[in-house]
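Participant: The structure is given below, and queries will be raised subsequently.
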2 protein chains.
Amino acid sequence: MNGAESLVHTLLKSGVDTCFANPGTSEMHYVAALDRVPGMRCVLGLFEGVVTGAADGYARMAGKPAATLLHCGPGLANGLANLHNARRANTPIVNIPGDQATYHRPLDAPLTADTEGWARGVSAWVRTATSSRTVGADAAAAVAAARTSPGQIATLILPSDTSWDEGGEVAEALPVPPAAASAPSQIDEPARVLRQGGAGVLLLLSGTGLSERGLAYAHRIAVHTGCRVMAGGSNAKTARGQGRLSVDRVPYVVDAAVKALSGTRHLILAGAKKPVTFFAYPGKVQTSVPPDAELHVLARPEQDIVDALGRLAEAIGAPKTPGPDNGVRPEPGRGAITPESVAATLGALMPEGAVIADESVTFGRGFFPLTKAAPPHDWLNVTGGAIGGGPPLATGAAIGAPGRRVINLQADGSAMYTVQSLWTQARERLDVTTILLSNRKYAILLGELANVGANPGRTALDMLDLGNPDINWVQLANSMGVEGARADNAETLADLLGHSLRRNGPFLIELLT
Amino acid sequence: MNGAESLVHTLLKSGVDTCFANPGTSEMHYVAALDRVPGMRCVLGLFEGVVTGAADGYARMAGKPAATLLHCGPGLANGLANLHNARRANTPIVNIPGDQATYHRPLDAPLTADTEGWARGVSAWVRTATSSRTVGADAAAAVAAARTSPGQIATLILPSDTSWDEGGEVAEALPVPPAAASAPSQIDEPARVLRQGGAGVLLLLSGTGLSERGLAYAHRIAVHTGCRVMAGGSNAKTARGQGRLSVDRVPYVVDAAVKALSGTRHLILAGAKKPVTFFAYPGKVQTSVPPDAELHVLARPEQDIVDALGRLAEAIGAPKTPGPDNGVRPEPGRGAITPESVAATLGALMPEGAVIADESVTFGRGFFPLTKAAPPHDWLNVTGGAIGGGPPLATGAAIGAPGRRVINLQADGSAMYTVQSLWTQARERLDVTTILLSNRKYAILLGELANVGANPGRTALDMLDLGNPDINWVQLANSMGVEGARADNAETLADLLGHSLRRNGPFLIELLT
């Protein structure tokens, strides 16, 4: 057995059975091993950003890591942006770029690059395999590192000779310690605060705090104390819909975030970090948290957040309570395409178990209120701000959650970074509906330019304008085997969304706004 | 004047007047400055790999660096692959990613990443601006570093407050030392060898050794001594066509390279590195140079290669000689689409001054013989093996060489990595003809898999197959505003190529092979 075969066997033994791949020459023995060893589902992406973003979406839904297969050096580099997003989502990924043979690297062949150096910025664990005899053990360690709470990126760099040399040994799966429980003091402090009443108390959730169970505890705590509950600005997965506590996210826009958090005297962090602004701006605050607010860390991201919420609920004597009534589903929107009409249509039509992959940027910031009464569903955010996360996230989520409809709310500018995702959706016949918000500009940047106080001229406007030429998204989707159609009003959107939900496979709806 | 304005003024003073851009929020003041300060041509790319690859193509043709404008962290990461190619081409680039404000970075906002760490692997010079007062001086130093022979990537990271703070000072251009001359011993040694006759002597050219002047000296030397002349495996720019010495490249395939270099007893390197194989393969050599060959470094890449060739020609008393007669232009190809019929059509029809951006991979390896009698033209290779170099290279070359037709020989698999280039070609109405070789597979990898000795099964074949679904390239080009048409025979290719040459703006020809 060669090294690559021992690697694939070990991955399977450790429960990793899906591999997102974009191979190159230095990975041919890994490809050959994936071919020879049965049991691994291989999904091809035509660009590495698709591969890494799909691995992120997969793991968020499947609850376990996928492996990647990336080409050496620049291949890894192309995947870094979505690995950055995955790192910010605490997504487990077993990231496997190939590399030059160990003895070829010193010759500095054209494709030689600092693969380790590039991997380090996104990985909690980096190892370069040194021999076919130990690559199995390396793989088991990588899976264990990836699964370590709260979920990490483990990069195993695979020089080609460690793949092709004989002597590979399959390694057993390594034990993964469960998430640590919060210390008693982490529960006692916020409990003491909440016993005095919930006024001025904000419980901020992220990670598994936004799971169905986490939200149920938060709802109990809120009902009992009257405290507020919010979610971090960007979250890996939020359980939403009827019967689940609907929590707003800390707004992206600084002034709105400050307003949302004003009056907070106690901030209880359950898996969330202290909110900081996405960027600094001249003369603006860097955190939306009032300066005199007291911080209480109920659970750090890597601790058992649900357990901590449950213990807090018990500690304050919050009784079990039925899930919240989020009201009546909206009617589908009517008339012009607006954030409200799209949100209403989505809220009215999305099926139970839908998965929303949200890179709607400016357009979709207000989608939560109109979708909270939809049937139970999951909402995935692009967590790290790296652009182009949405389409691959949707692609991977569809593979990680078979049988559930994925709806990708997608801004046009961002979609262009990883547009090749559509091809993988077509090839794998994935149930992904892309709602493409074609506003033909970098809308977020026009807002930011206004923040700068600039009165933009031609040069600046040209750099924020995606028109001239307009991108024809239906044609673009068709070219990669994805059917699509345009909607310039909410009624057509509803028709097309309904149509896509009744059929299998991908579909793209280009919204002309 | 704020920092960003002093930056733009300084770039202009230093002769940098073109900026390839994909901005984000942290770069808004840089955008505003580009708007306010007249004189900089700004070209938008919808993905950072387009931006960096275009900066590479631009500088290869314009002979001076462009600036980039990249979004912080992951934005830079998306541009690394083509910066890797540019580094291997010794292309000067003033690479400017934004970053979080200096005082915001410690807060680890979601988009914070190790921008410096990522930049280092591709940059000869990295600096993070620390103040608006010194960013002008930083920019002047960056341009000087980029222009230092043989051409380097200088990365100036621009935290947003160094852009927006007042107190910017415009810096004067710094002097750039010329390329150093080769030492006398570097000339004398190969001269001594060549005086004994050219049999068994191979003169290997790269860099400016492949310019019109460099090739003229090489031709004189070859005519006088009978030595062989070849080019490195991948070169930034090769002057080709009638009247210019036609030099074959060291082949990519190991066995072919060994054969091509067999019998070499003296290898004279003029700007080229000692050839090493692109990858290691089990049981194969790592260099195509015979073990007993003696190496002579006439000029290192950063030395004055043309000067060294001229001094060598003088030292051996090689008389001036007219340019070579490369024979008669071929007739356009006929019948099926084959490498030969495409090369003949290209050789027959390309106009004088054409610029070939070549990422044809397997398909185009044999294009040189049938194009050597075409009118004088330049040939650009993807130099670092990072995939997706061709379309951005063509885009930037068209901006760096206005009035000349750029022909992008482009494999389909590679084109998908930076397909957004077509949009920039449409927006800027660039004279780029893309000849898209749609073989619907990673052909190079099928060869590599065979090298591995594997008898590929379904899984492996699926990972190397771009069909299912087939990509409709004409539709894809149309969706981004580029006209196109299909050719399934050489006659149609000739018609379409002729058509595209008679009109302005981009055109894509999808070759069905």
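Ordered as shown in the structure tokens, chains take letters A, B, and onward, while each chain numbers its residues from 1 and ligands are numbered from 1 in the order shown.
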Using backbone DSSP assignments, extract all strand (DSSP E) residues from range 192-422 of chain A; output them as a ChimeraX atom specification.
Facilitator: /A:201-205,228-231,238-240,266-270,294-299,355-359,377-381,406-411
Participant: Take the residues from that selection and put them in a file with C-alpha atoms, as an mmCIF file, in the first residue's frame.
Facilitator:
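Everything below was put into out_2.cif:
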```
data_model
loop_
_atom_site.group_PDB
_atom_site.id
_atom_site.type_symbol
_atom_site.label_atom_id
_atom_site.label_comp_id
_atom_site.auth_asym_id
_atom_site.auth_seq_id
_atom_site.Cartn_x
_atom_site.Cartn_y
_atom_site.Cartn_z
ATOM 1 C CA VAL A 201 -28.830 42.585 30.072
ATOM 2 C CA LEU A 202 -27.987 41.339 26.593
ATOM 3 C CA LEU A 203 -27.341 37.645 25.989
ATOM 4 C CA LEU A 204 -25.212 37.405 22.845
ATOM 5 C CA LEU A 205 -25.191 34.023 21.095
ATOM 6 C CA ARG A 228 -32.542 40.719 25.420
ATOM 7 C CA VAL A 229 -31.064 38.044 23.173
ATOM 8 C CA MET A 230 -29.066 38.771 20.036
ATOM 9 C CA ALA A 231 -26.730 36.911 17.713
ATOM 10 C CA THR A 238 -28.580 29.728 12.942
ATOM 11 C CA ALA A 239 -31.668 27.632 13.592
ATOM 12 C CA ARG A 240 -34.603 29.772 12.544
ATOM 13 C CA HIS A 266 -24.321 43.569 31.149
ATOM 14 C CA LEU A 267 -23.212 41.680 28.059
ATOM 15 C CA ILE A 268 -23.277 37.892 28.449
ATOM 16 C CA LEU A 269 -21.246 36.149 25.765
ATOM 17 C CA ALA A 270 -22.397 32.630 24.879
ATOM 18 C CA GLU A 294 -19.799 44.738 32.024
ATOM 19 C CA LEU A 295 -18.740 41.640 30.077
ATOM 20 C CA HIS A 296 -19.486 38.094 31.235
ATOM 21 C CA VAL A 297 -18.100 35.142 29.304
ATOM 22 C CA LEU A 298 -20.671 32.393 29.817
ATOM 23 C CA ALA A 299 -18.933 30.169 27.283
ATOM 24 C CA VAL A 355 -30.918 25.927 4.187
ATOM 25 C CA ILE A 356 -30.248 29.570 3.426
ATOM 26 C CA ALA A 357 -26.705 30.383 2.277
ATOM 27 C CA ASP A 358 -26.641 34.128 2.679
ATOM 28 C CA GLU A 359 -24.214 36.376 0.843
ATOM 29 C CA HIS A 377 -34.831 26.174 8.561
ATOM 30 C CA ASP A 378 -31.119 26.908 8.935
ATOM 31 C CA TRP A 379 -29.391 30.140 7.986
ATOM 32 C CA LEU A 380 -25.700 30.224 7.056
ATOM 33 C CA ASN A 381 -23.708 33.464 6.967
ATOM 34 C CA VAL A 406 -30.597 25.152 -0.330
ATOM 35 C CA ILE A 407 -31.410 28.748 -1.201
ATOM 36 C CA ASN A 408 -28.407 30.924 -1.946
ATOM 37 C CA LEU A 409 -29.221 34.607 -1.433
ATOM 38 C CA GLN A 410 -26.437 36.050 -3.471
ATOM 39 C CA ALA A 411 -25.205 39.512 -4.406
#
```
Participant: Extract, using only C-alpha atoms, all DNA, RNA and protein residues at most 12 Å from Glu302 in chain A, discarding same-chain residues fewer than 5 positions from it, and format them as a VMD selection string.
Facilitator: chain A and resid 89 to 91 147 to 152 177 to 182 206 to 209 270 to 273 297 308
Participant: Keeping C-alpha atoms for every residue in the selection just given, could you write it to a file as an mmCIF file, in the first residue's frame?
Facilitator:
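The result, written out as part23.cif:
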```
data_model
loop_
_atom_site.group_PDB
_atom_site.id
_atom_site.type_symbol
_atom_site.label_atom_id
_atom_site.label_comp_id
_atom_site.auth_asym_id
_atom_site.auth_seq_id
_atom_site.Cartn_x
_atom_site.Cartn_y
_atom_site.Cartn_z
ATOM 1 C CA ALA A 89 -17.028 29.928 11.272
ATOM 2 C CA ASN A 90 -15.032 27.423 13.356
ATOM 3 C CA THR A 91 -15.676 24.870 10.644
ATOM 4 C CA ARG A 147 -12.714 17.959 15.053
ATOM 5 C CA THR A 148 -11.308 19.588 18.162
ATOM 6 C CA SER A 149 -13.881 22.018 19.524
ATOM 7 C CA PRO A 150 -15.120 24.339 18.210
ATOM 8 C CA GLY A 151 -13.909 22.965 14.855
ATOM 9 C CA GLN A 152 -10.656 23.923 13.205
ATOM 10 C CA PRO A 177 -12.009 15.306 23.514
ATOM 11 C CA PRO A 178 -15.466 16.816 23.896
ATOM 12 C CA ALA A 179 -15.858 20.560 24.287
ATOM 13 C CA ALA A 180 -14.884 21.627 27.789
ATOM 14 C CA ALA A 181 -17.649 22.691 30.140
ATOM 15 C CA SER A 182 -17.702 26.260 31.348
ATOM 16 C CA SER A 206 -22.984 32.470 18.490
ATOM 17 C CA GLY A 207 -21.742 28.978 17.535
ATOM 18 C CA THR A 208 -23.971 26.232 18.905
ATOM 19 C CA GLY A 209 -25.694 28.864 21.007
ATOM 20 C CA ALA A 270 -22.397 32.630 24.879
ATOM 21 C CA GLY A 271 -20.005 31.493 22.182
ATOM 22 C CA ALA A 272 -19.854 35.011 20.782
ATOM 23 C CA LYS A 273 -16.922 37.371 20.868
ATOM 24 C CA VAL A 297 -18.100 35.142 29.304
ATOM 25 C CA ALA A 308 -23.571 26.529 29.626
#
```
Participant: CA of Gly335 in chain B and CA of Glu491 in chain B, how far apart in Å?
Facilitator: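 It comes out at 6.8 Å.
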Participant: Can you tell me which residues surround range 123-126 of chain B at a distance of at most 7 Å, considering only C-alpha atoms, apart from same-chain residues fewer than 3 positions away, and format the answer as number ranges by chain?
Facilitator: B: 119-120, 145, 152-156
Participant: Residues within 8 Å of Arg249 in chain A, please, as a list of chain:residue names. Count only C-alpha atoms; anything in the same chain fewer than 2 positions from it doesn't count.
Facilitator: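 Here the answer would be A:Met230, A:Ala231, A:Gly232, A:Gly233, A:Ser234, A:Val247, A:Pro251.
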Participant: Which one of A:Asn472, A:Gln425, A:Thr10, A:Asn504 sits closest to chain B if you count only C-alpha atoms?
Facilitator: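 For chain B, the nearest of the given residues is A:Asn472.
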Participant: DSSP on the backbone: which residues in range 238-449 of chain B end up as alpha helix (DSSP H)? Give the answer as an NGL selection string.
Facilitator: :B and (254-261 or 305-315 or 339-349 or 390-400 or 412-415 or 421-427 or 443-449)
Participant: Identify, on the basis of only C-alpha atoms, every residue whose closest approach to Gly3 in chain A does not exceed 10 Å; exclude the query and any residue fewer than 4 positions from it along the same chain; express the result as a list in words.
Facilitator: Leu7, Val8, His9, His29, Tyr30, Ala33, Ala129, Ser131, Ser132, Arg133, Thr134, Val135, Gly136, Leu158, Ser160, Asp161, Thr162, Ser163, Trp164, Asp165, Glu166, Gly167, Gly168, Glu169 and Val170 of chain A
Participant: Produce a file of the selected residues containing C-alpha atoms, as a PDB file, in the first residue's frame.
Facilitator:
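Dumped to out00.pdb:
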```pdb
ATOM      1  CA  LEU A   7      -4.173   8.318   3.705  1.00  0.00           C
ATOM      2  CA  VAL A   8      -7.551   7.600   2.093  1.00  0.00           C
ATOM      3  CA  HIS A   9      -8.135   4.498   4.238  1.00  0.00           C
ATOM      4  CA  HIS A  29      -1.269   9.487  -6.666  1.00  0.00           C
ATOM      5  CA  TYR A  30      -3.826  10.886  -4.240  1.00  0.00           C
ATOM      6  CA  ALA A  33      -5.847   6.280  -4.393  1.00  0.00           C
ATOM      7  CA  ALA A 129       4.036  14.754   5.658  1.00  0.00           C
ATOM      8  CA  SER A 131       7.163   9.793   4.635  1.00  0.00           C
ATOM      9  CA  SER A 132       4.645   7.354   3.200  1.00  0.00           C
ATOM     10  CA  ARG A 133       5.047   5.324   6.403  1.00  0.00           C
ATOM     11  CA  THR A 134       3.666   8.067   8.631  1.00  0.00           C
ATOM     12  CA  VAL A 135       1.183   9.841   6.378  1.00  0.00           C
ATOM     13  CA  GLY A 136      -1.609   7.599   7.714  1.00  0.00           C
ATOM     14  CA  LEU A 158       1.282  16.061   1.015  1.00  0.00           C
ATOM     15  CA  SER A 160       4.123  13.754  -3.855  1.00  0.00           C
ATOM     16  CA  ASP A 161       6.654  11.124  -2.787  1.00  0.00           C
ATOM     17  CA  THR A 162       4.871  10.615   0.534  1.00  0.00           C
ATOM     18  CA  SER A 163       1.906   9.640  -1.671  1.00  0.00           C
ATOM     19  CA  TRP A 164       3.602   7.352  -4.132  1.00  0.00           C
ATOM     20  CA  ASP A 165       6.150   5.589  -1.926  1.00  0.00           C
ATOM     21  CA  GLU A 166       5.166   2.167  -0.632  1.00  0.00           C
ATOM     22  CA  GLY A 167       4.977   1.333   3.069  1.00  0.00           C
ATOM     23  CA  GLY A 168       1.824   3.210   3.907  1.00  0.00           C
ATOM     24  CA  GLU A 169       0.163   2.238   7.179  1.00  0.00           C
ATOM     25  CA  VAL A 170      -3.499   2.816   7.940  1.00  0.00           C
TER      26      VAL A 170
END
```
Participant: Calculated over only C-alpha atoms, which of the candidates A:Thr68, A:Asn478, A:Thr434, A:Ser26 has the smallest distance to Arg105 in chain A?
Facilitator: A:Ser26
Participant: Please list as an MDAnalysis selection string every residue within 9 Å of Ile471 in chain A, counting only C-alpha atoms and excluding residues in the same chain fewer than 2 positions away.
Facilitator: (chainID A and resid 412 438 440 466:469 473:476) or (chainID B and resid 423 478:481)
Participant: Could you please take those selected residues and save N, CA and C atoms as a PDB file, in the first residue's frame?
Facilitator:
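Okay, part-v1.pdb is ready:
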```pdb
ATOM      1  N   ASP A 412     -24.551  40.056  -6.675  1.00  0.00           N
ATOM      2  CA  ASP A 412     -23.887  39.793  -7.951  1.00  0.00           C
ATOM      3  C   ASP A 412     -22.373  40.000  -7.892  1.00  0.00           C
ATOM      4  N   SER A 438     -29.109  41.164  -8.723  1.00  0.00           N
ATOM      5  CA  SER A 438     -28.293  41.789  -9.751  1.00  0.00           C
ATOM      6  C   SER A 438     -28.490  43.298  -9.725  1.00  0.00           C
ATOM      7  N   ARG A 440     -25.879  45.304 -10.088  1.00  0.00           N
ATOM      8  CA  ARG A 440     -24.884  45.828 -11.025  1.00  0.00           C
ATOM      9  C   ARG A 440     -23.995  46.897 -10.429  1.00  0.00           C
ATOM     10  N   LEU A 466     -20.691  47.576 -11.652  1.00  0.00           N
ATOM     11  CA  LEU A 466     -20.565  46.300 -12.369  1.00  0.00           C
ATOM     12  C   LEU A 466     -21.324  46.300 -13.686  1.00  0.00           C
ATOM     13  N   GLY A 467     -21.958  47.423 -14.017  1.00  0.00           N
ATOM     14  CA  GLY A 467     -22.587  47.517 -15.327  1.00  0.00           C
ATOM     15  C   GLY A 467     -21.505  47.847 -16.344  1.00  0.00           C
ATOM     16  N   ASN A 468     -21.923  48.013 -17.602  1.00  0.00           N
ATOM     17  CA  ASN A 468     -20.942  48.369 -18.652  1.00  0.00           C
ATOM     18  C   ASN A 468     -19.819  47.379 -18.724  1.00  0.00           C
ATOM     19  N   PRO A 469     -19.971  46.175 -19.182  1.00  0.00           N
ATOM     20  CA  PRO A 469     -21.252  45.616 -19.606  1.00  0.00           C
ATOM     21  C   PRO A 469     -22.012  44.990 -18.432  1.00  0.00           C
ATOM     22  N   TRP A 473     -26.875  37.057 -16.092  1.00  0.00           N
ATOM     23  CA  TRP A 473     -26.705  35.935 -15.163  1.00  0.00           C
ATOM     24  C   TRP A 473     -27.404  34.658 -15.619  1.00  0.00           C
ATOM     25  N   VAL A 474     -28.510  34.817 -16.315  1.00  0.00           N
ATOM     26  CA  VAL A 474     -29.197  33.618 -16.811  1.00  0.00           C
ATOM     27  C   VAL A 474     -28.318  32.916 -17.847  1.00  0.00           C
ATOM     28  N   GLN A 475     -27.765  33.706 -18.730  1.00  0.00           N
ATOM     29  CA  GLN A 475     -26.872  33.158 -19.746  1.00  0.00           C
ATOM     30  C   GLN A 475     -25.622  32.539 -19.096  1.00  0.00           C
ATOM     31  N   LEU A 476     -25.111  33.225 -18.105  1.00  0.00           N
ATOM     32  CA  LEU A 476     -23.920  32.727 -17.409  1.00  0.00           C
ATOM     33  C   LEU A 476     -24.221  31.384 -16.745  1.00  0.00           C
TER      34      LEU A 476
ATOM     35  N   TRP B 423     -14.920  39.916 -18.743  1.00  0.00           N
ATOM     36  CA  TRP B 423     -15.704  41.116 -18.447  1.00  0.00           C
ATOM     37  C   TRP B 423     -14.851  42.372 -18.559  1.00  0.00           C
ATOM     38  N   ASN B 478     -20.536  35.659 -23.989  1.00  0.00           N
ATOM     39  CA  ASN B 478     -21.650  36.589 -24.214  1.00  0.00           C
ATOM     40  C   ASN B 478     -22.194  37.138 -22.904  1.00  0.00           C
ATOM     41  N   SER B 479     -22.283  36.276 -21.900  1.00  0.00           N
ATOM     42  CA  SER B 479     -22.879  36.719 -20.625  1.00  0.00           C
ATOM     43  C   SER B 479     -22.077  37.848 -20.002  1.00  0.00           C
ATOM     44  N   MET B 480     -20.796  37.942 -20.362  1.00  0.00           N
ATOM     45  CA  MET B 480     -19.959  39.027 -19.838  1.00  0.00           C
ATOM     46  C   MET B 480     -19.668  40.088 -20.885  1.00  0.00           C
ATOM     47  N   GLY B 481     -20.445  40.089 -21.958  1.00  0.00           N
ATOM     48  CA  GLY B 481     -20.328  41.173 -22.936  1.00  0.00           C
ATOM     49  C   GLY B 481     -19.289  40.952 -24.011  1.00  0.00           C
TER      50      GLY B 481
END
```
